[in-house]
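A.B. asks: Next comes the structure file coords.cif, holding mmCIF, C-alpha atoms and all ligand atoms.
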```cif
data_protein
loop_
_atom_site.group_PDB
_atom_site.id
_atom_site.type_symbol
_atom_site.label_atom_id
_atom_site.label_comp_id
_atom_site.auth_asym_id
_atom_site.auth_seq_id
_atom_site.Cartn_x
_atom_site.Cartn_y
_atom_site.Cartn_z
ATOM 1 C CA MET A 1 19.754 -5.750 -98.823
ATOM 2 C CA LYS A 2 20.907 -3.613 -95.917
ATOM 3 C CA GLN A 3 17.386 -3.733 -94.500
ATOM 4 C CA GLY A 4 17.433 -7.521 -94.442
ATOM 5 C CA TRP A 5 20.739 -7.671 -92.661
ATOM 6 C CA ARG A 6 19.489 -5.387 -89.902
ATOM 7 C CA TRP A 7 16.391 -7.476 -89.454
ATOM 8 C CA HIS A 8 18.552 -10.528 -88.935
ATOM 9 C CA THR A 9 20.740 -8.907 -86.318
ATOM 10 C CA GLY A 10 17.617 -7.700 -84.545
ATOM 11 C CA LEU A 11 16.137 -11.157 -84.526
ATOM 12 C CA PHE A 12 19.374 -12.666 -83.311
ATOM 13 C CA GLY A 13 19.568 -10.077 -80.543
ATOM 14 C CA SER A 14 16.086 -10.786 -79.266
ATOM 15 C CA MET A 15 16.619 -14.530 -79.442
ATOM 16 C CA LEU A 16 19.669 -14.077 -77.273
ATOM 17 C CA VAL A 17 17.704 -12.044 -74.734
ATOM 18 C CA LEU A 18 14.861 -14.567 -74.718
ATOM 19 C CA GLY A 19 17.350 -17.377 -74.313
ATOM 20 C CA LEU A 20 18.953 -15.760 -71.290
ATOM 21 C CA ALA A 21 15.649 -14.883 -69.659
ATOM 22 C CA GLY A 22 14.317 -18.378 -70.332
ATOM 23 C CA GLY A 23 17.384 -19.957 -68.793
ATOM 24 C CA ALA A 24 16.981 -17.963 -65.617
ATOM 25 C CA SER A 25 13.289 -18.574 -65.062
ATOM 26 C CA ALA A 26 12.804 -22.139 -66.272
ATOM 27 C CA GLN A 27 15.097 -24.279 -64.187
ATOM 28 C CA TYR A 28 16.586 -27.665 -64.985
ATOM 29 C CA GLN A 29 16.718 -27.045 -68.721
ATOM 30 C CA GLY A 30 19.424 -27.725 -71.231
ATOM 31 C CA TRP A 31 19.444 -31.501 -70.956
ATOM 32 C CA THR A 32 20.121 -33.273 -74.219
ATOM 33 C CA ILE A 33 17.797 -36.233 -74.266
ATOM 34 C CA PRO A 34 18.199 -38.745 -77.108
ATOM 35 C CA ASP A 35 15.116 -39.615 -79.175
ATOM 36 C CA GLY A 36 14.579 -43.110 -77.820
ATOM 37 C CA ALA A 37 14.675 -42.152 -74.124
ATOM 38 C CA LYS A 38 11.119 -40.885 -73.905
ATOM 39 C CA ALA A 39 9.641 -44.141 -75.154
ATOM 40 C CA GLU A 40 11.674 -46.317 -72.817
ATOM 41 C CA LYS A 41 9.408 -48.235 -70.472
ATOM 42 C CA SER A 42 10.154 -49.426 -66.986
ATOM 43 C CA PRO A 43 10.944 -53.166 -66.924
ATOM 44 C CA VAL A 44 9.712 -53.237 -63.327
ATOM 45 C CA LYS A 45 7.019 -55.865 -62.707
ATOM 46 C CA ASN A 46 5.759 -54.875 -59.304
ATOM 47 C CA ALA A 47 5.718 -51.081 -59.057
ATOM 48 C CA ALA A 48 4.879 -50.935 -55.337
ATOM 49 C CA ASP A 49 7.681 -53.298 -54.436
ATOM 50 C CA ALA A 50 10.132 -51.441 -56.665
ATOM 51 C CA ALA A 51 9.138 -48.077 -55.182
ATOM 52 C CA LYS A 52 9.821 -49.457 -51.701
ATOM 53 C CA LYS A 53 13.349 -50.460 -52.712
ATOM 54 C CA GLY A 54 13.689 -47.179 -54.581
ATOM 55 C CA LYS A 55 12.814 -45.276 -51.441
ATOM 56 C CA SER A 56 15.813 -46.558 -49.509
ATOM 57 C CA LEU A 57 18.106 -46.074 -52.516
ATOM 58 C CA TYR A 58 16.767 -42.543 -52.738
ATOM 59 C CA ALA A 59 17.458 -41.919 -49.044
ATOM 60 C CA SER A 60 21.093 -42.962 -49.357
ATOM 61 C CA ASN A 61 21.899 -41.507 -52.808
ATOM 62 C CA CYS A 62 19.629 -38.593 -53.572
ATOM 63 C CA ALA A 63 18.153 -37.046 -50.416
ATOM 64 C CA LYS A 64 21.324 -35.138 -49.564
ATOM 65 C CA CYS A 65 20.680 -32.913 -52.598
ATOM 66 C CA HIS A 66 17.004 -33.352 -53.444
ATOM 67 C CA GLY A 67 15.837 -33.370 -49.817
ATOM 68 C CA PRO A 68 14.184 -36.164 -47.817
ATOM 69 C CA GLU A 69 10.823 -35.492 -49.469
ATOM 70 C CA GLY A 70 12.188 -34.676 -52.926
ATOM 71 C CA LYS A 71 11.464 -30.964 -52.637
ATOM 72 C CA GLY A 72 14.937 -30.030 -53.865
ATOM 73 C CA ASN A 73 16.040 -28.729 -50.475
ATOM 74 C CA GLY A 74 18.810 -31.119 -49.434
ATOM 75 C CA PRO A 75 21.918 -29.657 -47.753
ATOM 76 C CA ASP A 76 24.403 -30.620 -50.506
ATOM 77 C CA SER A 77 22.877 -28.547 -53.295
ATOM 78 C CA ASP A 78 21.227 -25.163 -53.493
ATOM 79 C CA HIS A 79 19.497 -25.840 -56.799
ATOM 80 C CA ALA A 80 18.587 -29.525 -56.959
ATOM 81 C CA ALA A 81 15.331 -30.096 -58.829
ATOM 82 C CA ASP A 82 12.014 -30.316 -57.008
ATOM 83 C CA LEU A 83 11.097 -33.910 -57.850
ATOM 84 C CA THR A 84 7.581 -33.610 -56.424
ATOM 85 C CA ASP A 85 6.422 -31.170 -59.093
ATOM 86 C CA GLU A 86 3.499 -32.953 -60.727
ATOM 87 C CA PHE A 87 3.564 -30.471 -63.595
ATOM 88 C CA ARG A 88 6.891 -31.876 -64.687
ATOM 89 C CA ALA A 89 5.403 -35.339 -65.112
ATOM 90 C CA ASP A 90 4.567 -34.691 -68.786
ATOM 91 C CA LEU A 91 8.076 -33.493 -69.409
ATOM 92 C CA ASN A 92 9.631 -36.364 -67.526
ATOM 93 C CA PRO A 93 7.953 -39.670 -68.350
ATOM 94 C CA GLU A 94 9.665 -42.660 -66.741
ATOM 95 C CA GLY A 95 12.094 -43.209 -69.625
ATOM 96 C CA ILE A 96 13.380 -39.658 -69.303
ATOM 97 C CA LEU A 97 13.684 -39.872 -65.516
ATOM 98 C CA TYR A 98 15.720 -43.006 -66.026
ATOM 99 C CA TYR A 99 17.926 -41.323 -68.613
ATOM 100 C CA LYS A 100 18.503 -38.298 -66.393
ATOM 101 C CA VAL A 101 19.465 -40.335 -63.350
ATOM 102 C CA TRP A 102 21.621 -42.749 -65.365
ATOM 103 C CA ASN A 103 23.517 -40.049 -67.227
ATOM 104 C CA GLY A 104 23.425 -37.033 -64.944
ATOM 105 C CA HIS A 105 23.822 -33.463 -66.097
ATOM 106 C CA THR A 106 26.837 -31.149 -66.118
ATOM 107 C CA ASN A 107 28.591 -31.241 -62.750
ATOM 108 C CA ASP A 108 25.445 -30.645 -60.736
ATOM 109 C CA MET A 109 23.428 -33.783 -61.102
ATOM 110 C CA PRO A 110 25.739 -36.773 -60.803
ATOM 111 C CA ALA A 111 25.461 -39.709 -63.218
ATOM 112 C CA PHE A 112 24.521 -42.908 -61.439
ATOM 113 C CA LYS A 113 25.593 -45.392 -64.110
ATOM 114 C CA SER A 114 28.782 -46.112 -62.207
ATOM 115 C CA LYS A 115 27.116 -46.182 -58.785
ATOM 116 C CA LEU A 116 23.840 -48.056 -59.229
ATOM 117 C CA THR A 117 22.711 -50.950 -61.414
ATOM 118 C CA LYS A 118 20.031 -50.476 -64.084
ATOM 119 C CA ASP A 119 17.516 -52.281 -61.893
ATOM 120 C CA GLU A 120 18.328 -50.029 -58.969
ATOM 121 C CA VAL A 121 17.842 -46.914 -61.083
ATOM 122 C CA TRP A 122 14.473 -48.241 -62.297
ATOM 123 C CA ASN A 123 13.492 -48.811 -58.671
ATOM 124 C CA VAL A 124 14.400 -45.216 -57.874
ATOM 125 C CA VAL A 125 12.366 -44.078 -60.893
ATOM 126 C CA GLU A 126 9.324 -45.919 -59.523
ATOM 127 C CA TYR A 127 9.817 -44.072 -56.247
ATOM 128 C CA LEU A 128 10.131 -40.722 -58.074
ATOM 129 C CA LYS A 129 6.783 -41.431 -59.751
ATOM 130 C CA VAL A 130 5.246 -41.912 -56.307
ATOM 131 C CA LEU A 131 6.857 -38.716 -55.007
ATOM 132 C CA ARG A 132 5.280 -36.575 -57.677
ATOM 133 C CA THR A 133 1.824 -38.090 -57.365
ATOM 134 C CA PRO A 134 -0.295 -35.601 -55.412
ATOM 135 C CA ALA A 135 -1.327 -36.853 -51.959
ATOM 136 C CA HIS A 136 0.765 -39.984 -52.165
HETATM 137 C C1 LIG B 1 25.128 -33.633 -55.670
HETATM 138 C C2 LIG B 1 23.717 -33.315 -55.648
HETATM 139 C C3 LIG B 1 22.746 -34.276 -56.306
HETATM 140 C C4 LIG B 1 22.574 -35.630 -56.071
HETATM 141 C C5 LIG B 1 23.350 -36.538 -55.117
HETATM 142 C C6 LIG B 1 21.458 -36.037 -56.915
HETATM 143 N N1 LIG B 1 20.995 -34.983 -57.656
HETATM 144 FE FE1 LIG B 1 19.477 -35.034 -59.013
HETATM 145 N N2 LIG B 1 19.844 -33.103 -59.526
HETATM 146 C C7 LIG B 1 20.740 -32.274 -58.872
HETATM 147 C C8 LIG B 1 20.678 -30.961 -59.467
HETATM 148 C C9 LIG B 1 21.510 -29.753 -59.029
HETATM 149 C C10 LIG B 1 19.707 -31.031 -60.491
HETATM 150 C C11 LIG B 1 19.245 -29.913 -61.435
HETATM 151 C C12 LIG B 1 20.380 -29.573 -62.345
HETATM 152 C C13 LIG B 1 20.140 -29.653 -63.815
HETATM 153 O O1 LIG B 1 19.045 -29.975 -64.286
HETATM 154 O O2 LIG B 1 21.110 -29.361 -64.518
HETATM 155 C C14 LIG B 1 19.214 -32.393 -60.501
HETATM 156 C C15 LIG B 1 18.267 -32.867 -61.384
HETATM 157 C C16 LIG B 1 17.648 -34.104 -61.269
HETATM 158 C C17 LIG B 1 16.561 -34.577 -62.104
HETATM 159 C C18 LIG B 1 15.935 -33.834 -63.267
HETATM 160 C C19 LIG B 1 14.739 -33.047 -62.820
HETATM 161 C C20 LIG B 1 13.957 -32.436 -63.953
HETATM 162 O O3 LIG B 1 12.759 -32.192 -63.743
HETATM 163 O O4 LIG B 1 14.522 -32.223 -65.030
HETATM 164 C C21 LIG B 1 16.199 -35.800 -61.651
HETATM 165 C C22 LIG B 1 15.090 -36.680 -62.182
HETATM 166 C C23 LIG B 1 17.075 -36.110 -60.549
HETATM 167 N N3 LIG B 1 17.956 -35.071 -60.338
HETATM 168 C C24 LIG B 1 17.008 -37.269 -59.808
HETATM 169 C C25 LIG B 1 17.977 -37.664 -58.880
HETATM 170 C C26 LIG B 1 18.018 -38.980 -58.252
HETATM 171 C C27 LIG B 1 16.962 -40.049 -58.422
HETATM 172 C C28 LIG B 1 19.138 -39.012 -57.485
HETATM 173 C C29 LIG B 1 19.687 -40.176 -56.670
HETATM 174 C C30 LIG B 1 19.803 -41.466 -57.357
HETATM 175 C C31 LIG B 1 19.784 -37.700 -57.599
HETATM 176 N N4 LIG B 1 19.059 -36.927 -58.461
HETATM 177 C C32 LIG B 1 20.949 -37.335 -56.935
HETATM 178 C C33 LIG B 1 21.575 -32.609 -57.828
HETATM 179 C C34 LIG B 1 21.744 -33.883 -57.308
#
```
Would you kindly transcribe this structure into structure tokens?
Ligand code: HEC
C.D. replies:
Amino acid sequence: MKQGWRWHTGLFGSMLVLGLAGGASAQYQGWTIPDGAKAEKSPVKNAADAAKKGKSLYASNCAKCHGPEGKGNGPDSDHAADLTDEFRADLNPEGILYYKVWNGHTNDMPAFKSKLTKDEVWNVVEYLKVLRTPAH
């Protein structure tokens, strides 16, 4: 019995260490995304047109933190996400981008549901998809 108890504390200890290390190296984690968000599809009809509108919305609402090119290097934040990272495309399909921008995260990434309309956020999402396409 005693043996088993020790094994459990050991496991718990290493999970804690892994958790801390993971948190430090993999940025932008810890979002709670509801099940349906991933499957949500953009209602946008003309992606190019939407991305154009999204670009100016991005410039006025997002660039100060995420940087003019989306590299995460805007003056108002020292740890805004790099939105050009194509490797995060799998993790962030359009429905999840929408959810993240609409709802925000902790105090760092503001929620835009009170600042932009749904259509505006979808336009920004179309622009984010352009930003992370290599050689756009
Ligand atoms: C006040 C600074 C600030 C502003 C303004 C801001 N963001 Fe963010 N954003 C952040 C920070 C910091 C993070 C990473 C923090 C986190 O994940 O907890 C983030 C994360 C994100 C993520 C998630 C990235 C990922 O791969 O998980 C997306 C998408 C995003 N922002 C898009 C936007 C868009 C689009 C706008 C404008 C409509 C915007 N942000 C405005 C600071 C900002």
A.B. asks: Let me see if you get this right: every residue at most 9 Å from ligand LIG 1 (chain B), counting all atoms listed in the file, written as an MDAnalysis selection string.
C.D. replies: chainID A and resid 27:31 54 57:66 70 72 74:83 85 88:89 91:92 96:102 104:112 115:116 120:121 124:125 127:128
A.B. asks: Please indicate the distance in Å from CA of Pro134 in chain A to CA of Ala37 in chain A, rounded to one decimal place.
C.D. replies: 24.8 Å
A.B. asks: Could you check which of A:Thr32, A:Lys129, A:Ser42, A:Lys55 is closest to Asp90 in chain A, using all atoms listed in the file?
C.D. replies: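 Answer, going by the shortest atom-to-atom distance: A:Lys129.
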A.B. asks: What is the distance between CA of Asp49 in chain A and CA of Asp119 in chain A, in Å to one decimal?
C.D. replies: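 We find that CA of Asp49 in chain A and CA of Asp119 in chain A lie 12.4 Å from each other.
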A.B. asks: Mind working out the centre and edge lengths of an axis-aligned box for range 111-117 of chain A, all listed atoms inside, 8 Å added to each side, rounded to one decimal in Å and written as JSON?
C.D. replies:
```
{"center_x": 25.7, "center_y": -45.3, "center_z": -61.4, "size_x": 22.1, "size_y": 27.2, "size_z": 21.3}
```
A.B. asks: Could you please determine the separation between CA of Asn123 in chain A and CA of Ala51 in chain A in Å, to one decimal place?
C.D. replies: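 Distance reported for this atom pair: 5.6 Å.
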A.B. asks: Using all atoms listed in the file, find the one residue out of A:Asn46, A:Glu86, A:Pro34, A:Ser114 that sits nearest to Ala135 in chain A.
C.D. replies: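 Nearest to Ala135 in chain A: A:Glu86.
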A.B. asks: Rank nothing, just name the residue among A:Asn103, A:Arg132, A:Lys118, A:Asn73 nearest to Pro43 in chain A, using only C-alpha atoms.
C.D. replies: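 Under the stated criterion, the closest residue is A:Lys118.
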